[in-house]
>>> print(open('data36.txt').read())   # compact mmCIF, N, CA and C atoms
# COMPACT_ATOMS: atom_id res chain seq x y z
N MET S 1070 -10.05 -37.14 -4.97
CA MET S 1070 -9.64 -35.82 -4.51
C MET S 1070 -9.53 -35.84 -2.99
N GLU S 1071 -8.47 -35.29 -2.49
CA GLU S 1071 -8.25 -35.24 -1.05
C GLU S 1071 -9.05 -34.11 -0.42
N ASP S 1072 -9.69 -34.38 0.72
CA ASP S 1072 -10.51 -33.38 1.40
C ASP S 1072 -9.72 -32.55 2.40
N GLN S 1073 -8.47 -32.87 2.60
CA GLN S 1073 -7.67 -32.15 3.59
C GLN S 1073 -6.48 -31.48 2.94
N ILE S 1074 -6.15 -30.33 3.48
CA ILE S 1074 -4.94 -29.61 3.06
C ILE S 1074 -4.03 -29.57 4.27
N ARG S 1075 -2.82 -30.01 4.10
CA ARG S 1075 -1.85 -29.98 5.19
C ARG S 1075 -0.96 -28.76 5.02
N THR S 1076 -0.86 -27.97 6.07
CA THR S 1076 -0.06 -26.76 6.03
C THR S 1076 0.41 -26.43 7.45
N GLU S 1077 1.51 -25.73 7.54
CA GLU S 1077 1.97 -25.29 8.86
C GLU S 1077 1.13 -24.13 9.38
N VAL S 1078 0.80 -23.20 8.48
CA VAL S 1078 0.02 -22.03 8.86
C VAL S 1078 -1.07 -21.81 7.83
N LEU S 1079 -2.30 -21.62 8.31
CA LEU S 1079 -3.42 -21.28 7.46
C LEU S 1079 -3.76 -19.81 7.70
N ILE S 1080 -3.76 -19.03 6.62
CA ILE S 1080 -4.09 -17.62 6.70
C ILE S 1080 -5.43 -17.42 6.00
N VAL S 1081 -6.40 -16.90 6.74
CA VAL S 1081 -7.72 -16.67 6.19
C VAL S 1081 -7.81 -15.21 5.77
N GLY S 1082 -7.90 -14.99 4.47
CA GLY S 1082 -8.00 -13.64 3.93
C GLY S 1082 -6.77 -13.27 3.13
N GLY S 1083 -6.97 -12.99 1.86
CA GLY S 1083 -5.87 -12.62 0.97
C GLY S 1083 -5.79 -11.12 0.75
N GLY S 1084 -6.09 -10.34 1.79
CA GLY S 1084 -5.94 -8.89 1.71
C GLY S 1084 -4.50 -8.49 2.00
N PRO S 1085 -4.26 -7.22 2.19
CA PRO S 1085 -2.89 -6.75 2.42
C PRO S 1085 -2.21 -7.39 3.62
N VAL S 1086 -2.91 -7.55 4.73
CA VAL S 1086 -2.30 -8.13 5.93
C VAL S 1086 -2.02 -9.61 5.72
N GLY S 1087 -3.01 -10.35 5.21
CA GLY S 1087 -2.83 -11.78 5.00
C GLY S 1087 -1.72 -12.10 4.02
N LEU S 1088 -1.68 -11.37 2.90
CA LEU S 1088 -0.64 -11.63 1.91
C LEU S 1088 0.75 -11.23 2.41
N THR S 1089 0.84 -10.12 3.15
CA THR S 1089 2.13 -9.72 3.71
C THR S 1089 2.62 -10.75 4.70
N LEU S 1090 1.73 -11.25 5.56
CA LEU S 1090 2.10 -12.30 6.50
C LEU S 1090 2.55 -13.55 5.77
N ALA S 1091 1.86 -13.92 4.71
CA ALA S 1091 2.23 -15.10 3.94
C ALA S 1091 3.62 -14.95 3.33
N ILE S 1092 3.93 -13.79 2.79
CA ILE S 1092 5.26 -13.54 2.21
C ILE S 1092 6.33 -13.63 3.29
N ASP S 1093 6.07 -12.98 4.43
CA ASP S 1093 7.03 -12.99 5.54
C ASP S 1093 7.30 -14.42 6.01
N LEU S 1094 6.26 -15.17 6.26
CA LEU S 1094 6.44 -16.54 6.75
C LEU S 1094 7.12 -17.42 5.70
N ALA S 1095 6.74 -17.28 4.43
CA ALA S 1095 7.36 -18.08 3.37
C ALA S 1095 8.85 -17.79 3.26
N GLN S 1096 9.24 -16.51 3.42
CA GLN S 1096 10.67 -16.17 3.37
C GLN S 1096 11.43 -16.79 4.54
N ARG S 1097 10.72 -17.10 5.62
CA ARG S 1097 11.34 -17.74 6.78
C ARG S 1097 11.28 -19.26 6.71
N GLY S 1098 10.77 -19.78 5.59
CA GLY S 1098 10.71 -21.22 5.39
C GLY S 1098 9.50 -21.91 6.01
N VAL S 1099 8.49 -21.15 6.35
CA VAL S 1099 7.28 -21.70 6.95
C VAL S 1099 6.28 -21.99 5.84
N GLY S 1100 5.69 -23.19 5.87
CA GLY S 1100 4.67 -23.56 4.89
C GLY S 1100 3.38 -22.82 5.16
N VAL S 1101 2.86 -22.12 4.15
CA VAL S 1101 1.69 -21.26 4.32
C VAL S 1101 0.65 -21.59 3.26
N THR S 1102 -0.60 -21.57 3.67
CA THR S 1102 -1.72 -21.65 2.74
C THR S 1102 -2.63 -20.46 3.02
N VAL S 1103 -2.98 -19.72 1.96
CA VAL S 1103 -3.88 -18.58 2.08
C VAL S 1103 -5.22 -18.97 1.47
N VAL S 1104 -6.29 -18.74 2.23
CA VAL S 1104 -7.63 -19.00 1.69
C VAL S 1104 -8.38 -17.67 1.62
N GLU S 1105 -9.18 -17.54 0.58
CA GLU S 1105 -9.91 -16.30 0.32
C GLU S 1105 -11.34 -16.67 -0.06
N ILE S 1106 -12.31 -15.92 0.44
CA ILE S 1106 -13.71 -16.26 0.17
C ILE S 1106 -14.23 -15.65 -1.14
N ARG S 1107 -13.47 -14.78 -1.76
CA ARG S 1107 -13.90 -14.20 -3.02
C ARG S 1107 -14.00 -15.28 -4.09
N GLY S 1108 -14.97 -15.16 -4.95
CA GLY S 1108 -15.14 -16.13 -6.03
C GLY S 1108 -14.08 -15.98 -7.11
N PRO S 1109 -13.89 -17.01 -7.92
CA PRO S 1109 -12.91 -16.94 -9.01
C PRO S 1109 -13.22 -15.77 -9.94
N GLY S 1110 -12.22 -14.95 -10.23
CA GLY S 1110 -12.37 -13.83 -11.13
C GLY S 1110 -13.03 -12.61 -10.53
N GLU S 1111 -13.51 -12.71 -9.28
CA GLU S 1111 -14.14 -11.55 -8.64
C GLU S 1111 -13.07 -10.57 -8.19
N PRO S 1112 -13.17 -9.31 -8.61
CA PRO S 1112 -12.12 -8.35 -8.24
C PRO S 1112 -12.22 -8.00 -6.75
N PRO S 1113 -11.09 -7.64 -6.15
CA PRO S 1113 -11.13 -7.22 -4.74
C PRO S 1113 -11.82 -5.87 -4.60
N SER S 1114 -12.38 -5.63 -3.44
CA SER S 1114 -12.95 -4.30 -3.19
C SER S 1114 -11.86 -3.46 -2.53
N VAL S 1115 -11.43 -2.43 -3.22
CA VAL S 1115 -10.36 -1.58 -2.73
C VAL S 1115 -10.89 -0.72 -1.59
N ARG S 1116 -10.17 -0.72 -0.47
CA ARG S 1116 -10.63 0.03 0.69
C ARG S 1116 -9.64 1.08 1.15
N CYS S 1117 -8.60 1.31 0.41
CA CYS S 1117 -7.65 2.35 0.83
C CYS S 1117 -6.96 2.94 -0.39
N ASN S 1118 -6.41 4.10 -0.21
CA ASN S 1118 -5.58 4.70 -1.26
C ASN S 1118 -4.28 5.25 -0.69
N HIS S 1119 -3.91 4.74 0.49
CA HIS S 1119 -2.72 5.23 1.18
C HIS S 1119 -2.05 4.05 1.87
N VAL S 1120 -0.74 3.96 1.76
CA VAL S 1120 0.02 2.93 2.47
C VAL S 1120 0.93 3.66 3.45
N ALA S 1121 0.75 3.37 4.74
CA ALA S 1121 1.46 4.07 5.80
C ALA S 1121 2.95 3.75 5.83
N ALA S 1122 3.71 4.64 6.48
CA ALA S 1122 5.16 4.47 6.57
C ALA S 1122 5.53 3.15 7.24
N GLY S 1123 4.84 2.78 8.30
CA GLY S 1123 5.15 1.51 9.00
C GLY S 1123 4.96 0.31 8.10
N THR S 1124 3.91 0.33 7.28
CA THR S 1124 3.68 -0.75 6.33
C THR S 1124 4.78 -0.76 5.28
N MET S 1125 5.18 0.41 4.80
CA MET S 1125 6.25 0.48 3.81
C MET S 1125 7.57 -0.03 4.39
N GLU S 1126 7.80 0.21 5.68
CA GLU S 1126 9.01 -0.33 6.32
C GLU S 1126 8.97 -1.86 6.34
N THR S 1127 7.79 -2.43 6.59
CA THR S 1127 7.65 -3.89 6.54
C THR S 1127 7.92 -4.39 5.12
N PHE S 1128 7.36 -3.71 4.13
CA PHE S 1128 7.60 -4.09 2.74
C PHE S 1128 9.09 -3.98 2.39
N ARG S 1129 9.77 -2.99 2.95
CA ARG S 1129 11.21 -2.84 2.71
C ARG S 1129 11.96 -4.05 3.26
N ARG S 1130 11.60 -4.46 4.48
CA ARG S 1130 12.25 -5.62 5.09
C ARG S 1130 12.03 -6.88 4.26
N LEU S 1131 10.87 -6.98 3.63
CA LEU S 1131 10.54 -8.13 2.79
C LEU S 1131 11.11 -8.01 1.39
N GLY S 1132 11.76 -6.87 1.09
CA GLY S 1132 12.40 -6.69 -0.21
C GLY S 1132 11.45 -6.28 -1.32
N MET S 1133 10.29 -5.70 -0.98
CA MET S 1133 9.33 -5.37 -2.01
C MET S 1133 8.82 -3.93 -1.96
N ALA S 1134 9.45 -3.07 -1.16
CA ALA S 1134 8.98 -1.69 -1.03
C ALA S 1134 9.01 -0.96 -2.36
N GLN S 1135 10.09 -1.09 -3.11
CA GLN S 1135 10.17 -0.35 -4.37
C GLN S 1135 9.16 -0.87 -5.38
N ALA S 1136 8.89 -2.16 -5.39
CA ALA S 1136 7.86 -2.70 -6.30
C ALA S 1136 6.49 -2.15 -5.95
N VAL S 1137 6.18 -2.04 -4.66
CA VAL S 1137 4.90 -1.46 -4.24
C VAL S 1137 4.85 0.01 -4.62
N ARG S 1138 5.93 0.72 -4.35
CA ARG S 1138 5.98 2.16 -4.64
C ARG S 1138 5.86 2.42 -6.14
N ASN S 1139 6.38 1.54 -6.97
CA ASN S 1139 6.35 1.72 -8.42
C ASN S 1139 5.01 1.36 -9.04
N THR S 1140 4.11 0.80 -8.26
CA THR S 1140 2.80 0.39 -8.76
C THR S 1140 1.85 1.58 -8.77
N GLY S 1141 1.04 1.67 -9.78
CA GLY S 1141 0.00 2.70 -9.77
C GLY S 1141 0.33 3.90 -10.62
N LEU S 1142 0.29 5.05 -10.01
CA LEU S 1142 0.40 6.32 -10.73
C LEU S 1142 1.78 6.52 -11.35
N PRO S 1143 1.86 7.30 -12.43
CA PRO S 1143 3.16 7.63 -13.01
C PRO S 1143 4.05 8.33 -11.98
N ALA S 1144 5.35 8.22 -12.13
CA ALA S 1144 6.30 8.75 -11.15
C ALA S 1144 6.19 10.25 -10.94
N ASN S 1145 5.73 11.00 -11.93
CA ASN S 1145 5.64 12.46 -11.80
C ASN S 1145 4.22 12.95 -11.48
N TYR S 1146 3.31 12.06 -11.16
CA TYR S 1146 1.92 12.43 -10.85
C TYR S 1146 1.83 12.94 -9.42
N PRO S 1147 1.30 14.14 -9.20
CA PRO S 1147 1.20 14.66 -7.83
C PRO S 1147 0.19 13.86 -7.02
N ASN S 1148 0.47 13.64 -5.76
CA ASN S 1148 -0.39 12.85 -4.88
C ASN S 1148 -1.17 13.71 -3.90
N ASP S 1149 -1.35 15.00 -4.22
CA ASP S 1149 -2.05 15.90 -3.31
C ASP S 1149 -3.41 15.35 -2.89
N VAL S 1150 -3.78 15.63 -1.67
CA VAL S 1150 -5.11 15.29 -1.18
C VAL S 1150 -5.93 16.57 -1.24
N ALA S 1151 -7.04 16.52 -1.97
CA ALA S 1151 -7.90 17.70 -2.12
C ALA S 1151 -9.20 17.47 -1.35
N PHE S 1152 -9.63 18.49 -0.63
CA PHE S 1152 -10.90 18.47 0.08
C PHE S 1152 -11.88 19.29 -0.73
N ARG S 1153 -12.98 18.66 -1.16
CA ARG S 1153 -13.93 19.31 -2.06
C ARG S 1153 -15.36 19.16 -1.54
N THR S 1154 -16.23 20.00 -2.03
CA THR S 1154 -17.65 19.91 -1.65
C THR S 1154 -18.31 18.70 -2.28
N ALA S 1155 -17.78 18.21 -3.38
CA ALA S 1155 -18.25 17.00 -4.07
C ALA S 1155 -17.07 16.51 -4.90
N ALA S 1156 -17.21 15.36 -5.53
CA ALA S 1156 -16.10 14.78 -6.27
C ALA S 1156 -15.48 15.76 -7.27
N ILE S 1157 -16.30 16.55 -7.95
CA ILE S 1157 -15.77 17.55 -8.87
C ILE S 1157 -16.19 18.95 -8.45
N GLY S 1158 -16.53 19.11 -7.16
CA GLY S 1158 -16.99 20.39 -6.64
C GLY S 1158 -15.87 21.35 -6.30
N ILE S 1159 -16.23 22.38 -5.57
CA ILE S 1159 -15.30 23.44 -5.19
C ILE S 1159 -14.23 22.89 -4.25
N GLU S 1160 -12.98 23.20 -4.53
CA GLU S 1160 -11.89 22.77 -3.66
C GLU S 1160 -11.83 23.68 -2.44
N MET S 1161 -11.88 23.08 -1.25
CA MET S 1161 -11.85 23.84 0.00
C MET S 1161 -10.48 23.83 0.65
N GLY S 1162 -9.64 22.89 0.31
CA GLY S 1162 -8.31 22.80 0.88
C GLY S 1162 -7.51 21.71 0.20
N ARG S 1163 -6.19 21.71 0.44
CA ARG S 1163 -5.32 20.74 -0.22
C ARG S 1163 -4.11 20.48 0.66
N ILE S 1164 -3.71 19.22 0.72
CA ILE S 1164 -2.46 18.82 1.38
C ILE S 1164 -1.51 18.40 0.26
N PRO S 1165 -0.44 19.16 0.05
CA PRO S 1165 0.50 18.78 -1.01
C PRO S 1165 1.33 17.57 -0.60
N ILE S 1166 1.28 16.55 -1.44
CA ILE S 1166 2.06 15.33 -1.21
C ILE S 1166 2.90 15.12 -2.47
N PRO S 1167 4.21 14.97 -2.32
CA PRO S 1167 5.09 14.86 -3.49
C PRO S 1167 4.76 13.66 -4.36
N CYS S 1168 5.10 13.80 -5.63
CA CYS S 1168 4.99 12.67 -6.55
C CYS S 1168 6.03 11.61 -6.15
N ARG S 1169 5.87 10.42 -6.67
CA ARG S 1169 6.78 9.32 -6.34
C ARG S 1169 8.23 9.64 -6.67
N ALA S 1170 8.46 10.34 -7.78
CA ALA S 1170 9.83 10.67 -8.19
C ALA S 1170 10.54 11.57 -7.18
N GLU S 1171 9.76 12.35 -6.41
CA GLU S 1171 10.35 13.30 -5.45
C GLU S 1171 10.11 12.90 -4.00
N ARG S 1172 9.55 11.73 -3.76
CA ARG S 1172 9.12 11.36 -2.41
C ARG S 1172 10.27 11.30 -1.41
N TYR S 1173 11.43 10.84 -1.83
CA TYR S 1173 12.55 10.72 -0.90
C TYR S 1173 13.33 12.02 -0.71
N THR S 1174 13.15 12.98 -1.61
CA THR S 1174 13.97 14.19 -1.56
C THR S 1174 13.21 15.46 -1.26
N SER S 1175 11.92 15.50 -1.48
CA SER S 1175 11.12 16.72 -1.28
C SER S 1175 11.06 17.10 0.19
N ARG S 1176 11.20 18.39 0.47
CA ARG S 1176 11.17 18.88 1.85
C ARG S 1176 10.25 20.09 2.00
N GLY S 1177 9.43 20.40 0.97
CA GLY S 1177 8.68 21.64 0.98
C GLY S 1177 7.20 21.55 1.26
N GLY S 1178 6.76 20.75 2.20
CA GLY S 1178 5.34 20.69 2.50
C GLY S 1178 5.06 19.93 3.77
N PRO S 1179 3.78 19.89 4.18
CA PRO S 1179 3.44 19.25 5.45
C PRO S 1179 3.58 17.73 5.44
N ASP S 1180 3.68 17.13 4.27
CA ASP S 1180 3.80 15.68 4.20
C ASP S 1180 5.11 15.28 3.52
N THR S 1181 6.19 15.98 3.85
CA THR S 1181 7.44 15.71 3.14
C THR S 1181 8.58 15.19 4.02
N TRP S 1182 8.63 15.54 5.27
CA TRP S 1182 9.75 15.08 6.08
C TRP S 1182 9.30 13.98 7.01
N TRP S 1183 9.73 12.78 6.75
CA TRP S 1183 9.39 11.62 7.57
C TRP S 1183 10.68 11.03 8.13
N PRO S 1184 10.79 10.83 9.44
CA PRO S 1184 11.99 10.25 10.04
C PRO S 1184 12.00 8.73 9.87
N THR S 1185 11.93 8.28 8.64
CA THR S 1185 11.88 6.85 8.32
C THR S 1185 12.51 6.64 6.95
N PRO S 1186 13.07 5.48 6.71
CA PRO S 1186 13.62 5.22 5.38
C PRO S 1186 12.54 5.02 4.32
N GLU S 1187 11.30 4.80 4.74
CA GLU S 1187 10.21 4.56 3.79
C GLU S 1187 9.01 5.45 4.11
N PRO S 1188 8.90 6.61 3.46
CA PRO S 1188 7.72 7.45 3.70
C PRO S 1188 6.47 6.78 3.14
N PRO S 1189 5.30 7.22 3.61
CA PRO S 1189 4.05 6.64 3.11
C PRO S 1189 3.84 6.98 1.64
N ILE S 1190 2.90 6.27 1.02
CA ILE S 1190 2.58 6.54 -0.38
C ILE S 1190 1.07 6.63 -0.57
N VAL S 1191 0.65 7.41 -1.54
CA VAL S 1191 -0.72 7.40 -2.02
C VAL S 1191 -0.66 6.56 -3.28
N SER S 1192 -1.40 5.45 -3.29
CA SER S 1192 -1.15 4.47 -4.35
C SER S 1192 -2.20 4.37 -5.43
N LEU S 1193 -3.43 4.80 -5.19
CA LEU S 1193 -4.47 4.50 -6.17
C LEU S 1193 -4.91 5.68 -7.02
N GLY S 1194 -4.45 6.87 -6.70
CA GLY S 1194 -4.80 8.00 -7.52
C GLY S 1194 -6.19 8.55 -7.28
N GLU S 1195 -6.83 8.18 -6.19
CA GLU S 1195 -8.18 8.66 -5.91
C GLU S 1195 -8.16 9.92 -5.03
N SER S 1196 -7.00 10.39 -4.68
CA SER S 1196 -6.92 11.49 -3.72
C SER S 1196 -7.29 12.84 -4.30
N ASP S 1197 -7.33 12.96 -5.61
CA ASP S 1197 -7.58 14.27 -6.21
C ASP S 1197 -8.77 14.21 -7.15
N LEU S 1198 -9.84 13.52 -6.73
CA LEU S 1198 -11.03 13.41 -7.58
C LEU S 1198 -11.79 14.71 -7.65
>>> encode(input="data36.txt", output="structure tokens")
Amino acid sequence: MEDQIRTEVLIVGGGPVGLTLAIDLAQRGVGVTVVEIRGPGEPPSVRCNHVAAGTMETFRRLGMAQAVRNTGLPANYPNDVAFRTAAIGIEMGRIPIPCRAERYTSRGGPDTWWPTPEPPIVSLGESDL
């Protein structure tokens, strides 16, 4: 067994930034190796439930924005952000965010008009616990 790996670029960390960089470099013909410290079969620890517009623009350039947007919640599921006293406590406020099916066309709320071809998304469904 060989103890060395030869690669043009070594990316440490298979999170969103590392994997996006790996995809970008690979599309440009650069040899990439991604290393991750998580053990085999160990699930990732999710640390976000929102993908920003700038990140979605990068995904669009890489040809994968729609695949990312189609992942997760059903297309008609509302993405509102609710502020509560506890996970199932009294609702104190809400930011209406359109469902995926209406994300490009909705204009009726504080999170609806984005001067970008790729508005942000709420991806994990944890916003309305």
>>> axis_aligned_box(input="data36.txt", around="segment 1165-1175 of chain S", padding_each_side="3 Å", output="lines of an AutoDock Vina configuration file")
center_x = 6.8
center_y = 14.2
center_z = -4.0
size_x = 20.4
size_y = 15.8
size_z = 14.4
>>> select_by_dssp(input="data36.txt", residues="segment 1079-1123 of chain S", states="strand (DSSP E)", output="PyMOL selection string")
chain S and resi 1079-1081+1101-1104+1119-1120
>>> write_last_selection(input="data36.txt", atoms="N, CA and C atoms", output="CSV table (one decimal), in the frame of the given file")
chain,number,residue,atom,x,y,z
S,1079,LEU,N,-2.3,-21.6,8.3
S,1079,LEU,CA,-3.4,-21.3,7.5
S,1079,LEU,C,-3.8,-19.8,7.7
S,1080,ILE,N,-3.8,-19.0,6.6
S,1080,ILE,CA,-4.1,-17.6,6.7
S,1080,ILE,C,-5.4,-17.4,6.0
S,1081,VAL,N,-6.4,-16.9,6.7
S,1081,VAL,CA,-7.7,-16.7,6.2
S,1081,VAL,C,-7.8,-15.2,5.8
S,1101,VAL,N,2.9,-22.1,4.2
S,1101,VAL,CA,1.7,-21.3,4.3
S,1101,VAL,C,0.6,-21.6,3.3
S,1102,THR,N,-0.6,-21.6,3.7
S,1102,THR,CA,-1.7,-21.6,2.7
S,1102,THR,C,-2.6,-20.5,3.0
S,1103,VAL,N,-3.0,-19.7,2.0
S,1103,VAL,CA,-3.9,-18.6,2.1
S,1103,VAL,C,-5.2,-19.0,1.5
S,1104,VAL,N,-6.3,-18.7,2.2
S,1104,VAL,CA,-7.6,-19.0,1.7
S,1104,VAL,C,-8.4,-17.7,1.6
S,1119,HIS,N,-3.9,4.7,0.5
S,1119,HIS,CA,-2.7,5.2,1.2
S,1119,HIS,C,-2.0,4.0,1.9
S,1120,VAL,N,-0.7,4.0,1.8
S,1120,VAL,CA,0.0,2.9,2.5
S,1120,VAL,C,0.9,3.7,3.4
>>> select_by_dssp(input="data36.txt", residues="chain S", states="alpha helix (DSSP H)", output="NGL selection string")
:S and (1085-1096 or 1122-1130 or 1134-1138)
>>> residues_around(input="data36.txt", residues="segment 1157-1169 of chain S", least_positions_apart="6", cutoff="8 Å", atoms="all atoms listed in the file", output="list in words")
Arg1138, Asn1139, Leu1142, Pro1143, Ala1144, Asn1145, Tyr1146, Pro1147, Asn1148, Asp1149, Val1150, Ala1151, Ser1175, Gly1177, Gly1178, Pro1179, Asp1180, Thr1181, Ile1190, Val1191, Asp1197 and Leu1198 of chain S
>>> atom_distance(input="data36.txt", atom1="atom N of Ala1121 of chain S", atom2="atom N of Thr1089 of chain S")
13.6 Å
>>> atom_distance(input="data36.txt", atom1="atom C of Pro1085 of chain S", atom2="atom C of Glu1071 of chain S")
27.9 Å
>>> atom_distance(input="data36.txt", atom1="atom N of Ala1122 of chain S", atom2="atom C of Pro1188 of chain S")
4.8 Å
>>> closest_residue(input="data36.txt", among="S:Gly1084, S:Glu1077, S:Ala1156, S:Thr1185", to="Val1104 of chain S", atoms="all atoms listed in the file")
S:Gly1084
>>> decode(input="data36.txt", residues="segment 1154-1162 of chain S", atoms="all heavy atoms", output="JSON list (two decimals), in the first residue's frame")
[["chain", "number", "residue", "atom", "x", "y", "z"],
["S", 1154, "THR", "N", -41.31, 31.19, 22.06],
["S", 1154, "THR", "CA", -40.75, 31.14, 23.42],
["S", 1154, "THR", "C", -40.04, 29.82, 23.67],
["S", 1154, "THR", "O", -39.15, 29.74, 24.51],
["S", 1154, "THR", "CB", -41.87, 31.33, 24.46],
["S", 1154, "THR", "OG1", -42.87, 30.32, 24.26],
["S", 1154, "THR", "CG2", -42.49, 32.72, 24.35],
["S", 1155, "ALA", "N", -40.40, 28.78, 22.95],
["S", 1155, "ALA", "CA", -39.77, 27.46, 23.01],
["S", 1155, "ALA", "C", -40.08, 26.77, 21.70],
["S", 1155, "ALA", "O", -40.87, 27.28, 20.90],
["S", 1155, "ALA", "CB", -40.31, 26.66, 24.20],
["S", 1156, "ALA", "N", -39.52, 25.61, 21.47],
["S", 1156, "ALA", "CA", -39.71, 24.93, 20.19],
["S", 1156, "ALA", "C", -41.18, 24.80, 19.81],
["S", 1156, "ALA", "O", -41.54, 24.97, 18.65],
["S", 1156, "ALA", "CB", -39.04, 23.55, 20.22],
["S", 1157, "ILE", "N", -42.04, 24.50, 20.77],
["S", 1157, "ILE", "CA", -43.48, 24.42, 20.47],
["S", 1157, "ILE", "C", -44.25, 25.44, 21.29],
["S", 1157, "ILE", "O", -45.46, 25.31, 21.50],
["S", 1157, "ILE", "CB", -44.02, 22.99, 20.70],
["S", 1157, "ILE", "CG1", -43.77, 22.53, 22.13],
["S", 1157, "ILE", "CG2", -43.41, 22.03, 19.69],
["S", 1157, "ILE", "CD1", -44.46, 21.23, 22.48],
["S", 1158, "GLY", "N", -43.56, 26.49, 21.75],
["S", 1158, "GLY", "CA", -44.18, 27.52, 22.59],
["S", 1158, "GLY", "C", -44.95, 28.56, 21.80],
["S", 1158, "GLY", "O", -45.21, 28.41, 20.61],
["S", 1159, "ILE", "N", -45.27, 29.63, 22.48],
["S", 1159, "ILE", "CA", -46.05, 30.73, 21.91],
["S", 1159, "ILE", "C", -45.27, 31.41, 20.80],
["S", 1159, "ILE", "O", -44.10, 31.76, 20.98],
["S", 1159, "ILE", "CB", -46.42, 31.74, 23.01],
["S", 1159, "ILE", "CG1", -47.29, 31.08, 24.08],
["S", 1159, "ILE", "CG2", -47.14, 32.96, 22.42],
["S", 1159, "ILE", "CD1", -47.45, 31.90, 25.33],
["S", 1160, "GLU", "N", -45.91, 31.62, 19.67],
["S", 1160, "GLU", "CA", -45.27, 32.33, 18.56],
["S", 1160, "GLU", "C", -45.29, 33.83, 18.84],
["S", 1160, "GLU", "O", -46.33, 34.41, 19.10],
["S", 1160, "GLU", "CB", -45.98, 32.03, 17.25],
["S", 1160, "GLU", "CG", -45.30, 32.69, 16.07],
["S", 1160, "GLU", "CD", -45.91, 32.32, 14.73],
["S", 1160, "GLU", "OE1", -46.15, 31.12, 14.49],
["S", 1160, "GLU", "OE2", -46.16, 33.24, 13.94],
["S", 1161, "MET", "N", -44.10, 34.45, 18.80],
["S", 1161, "MET", "CA", -43.98, 35.88, 19.06],
["S", 1161, "MET", "C", -43.85, 36.70, 17.79],
["S", 1161, "MET", "O", -44.09, 37.90, 17.79],
["S", 1161, "MET", "CB", -42.77, 36.14, 19.96],
["S", 1161, "MET", "CG", -42.88, 35.43, 21.30],
["S", 1161, "MET", "SD", -41.51, 35.74, 22.41],
["S", 1161, "MET", "CE", -40.10, 35.35, 21.42],
["S", 1162, "GLY", "N", -43.47, 36.09, 16.71],
["S", 1162, "GLY", "CA", -43.31, 36.79, 15.44],
["S", 1162, "GLY", "C", -43.00, 35.82, 14.33],
["S", 1162, "GLY", "O", -42.67, 34.65, 14.57]]
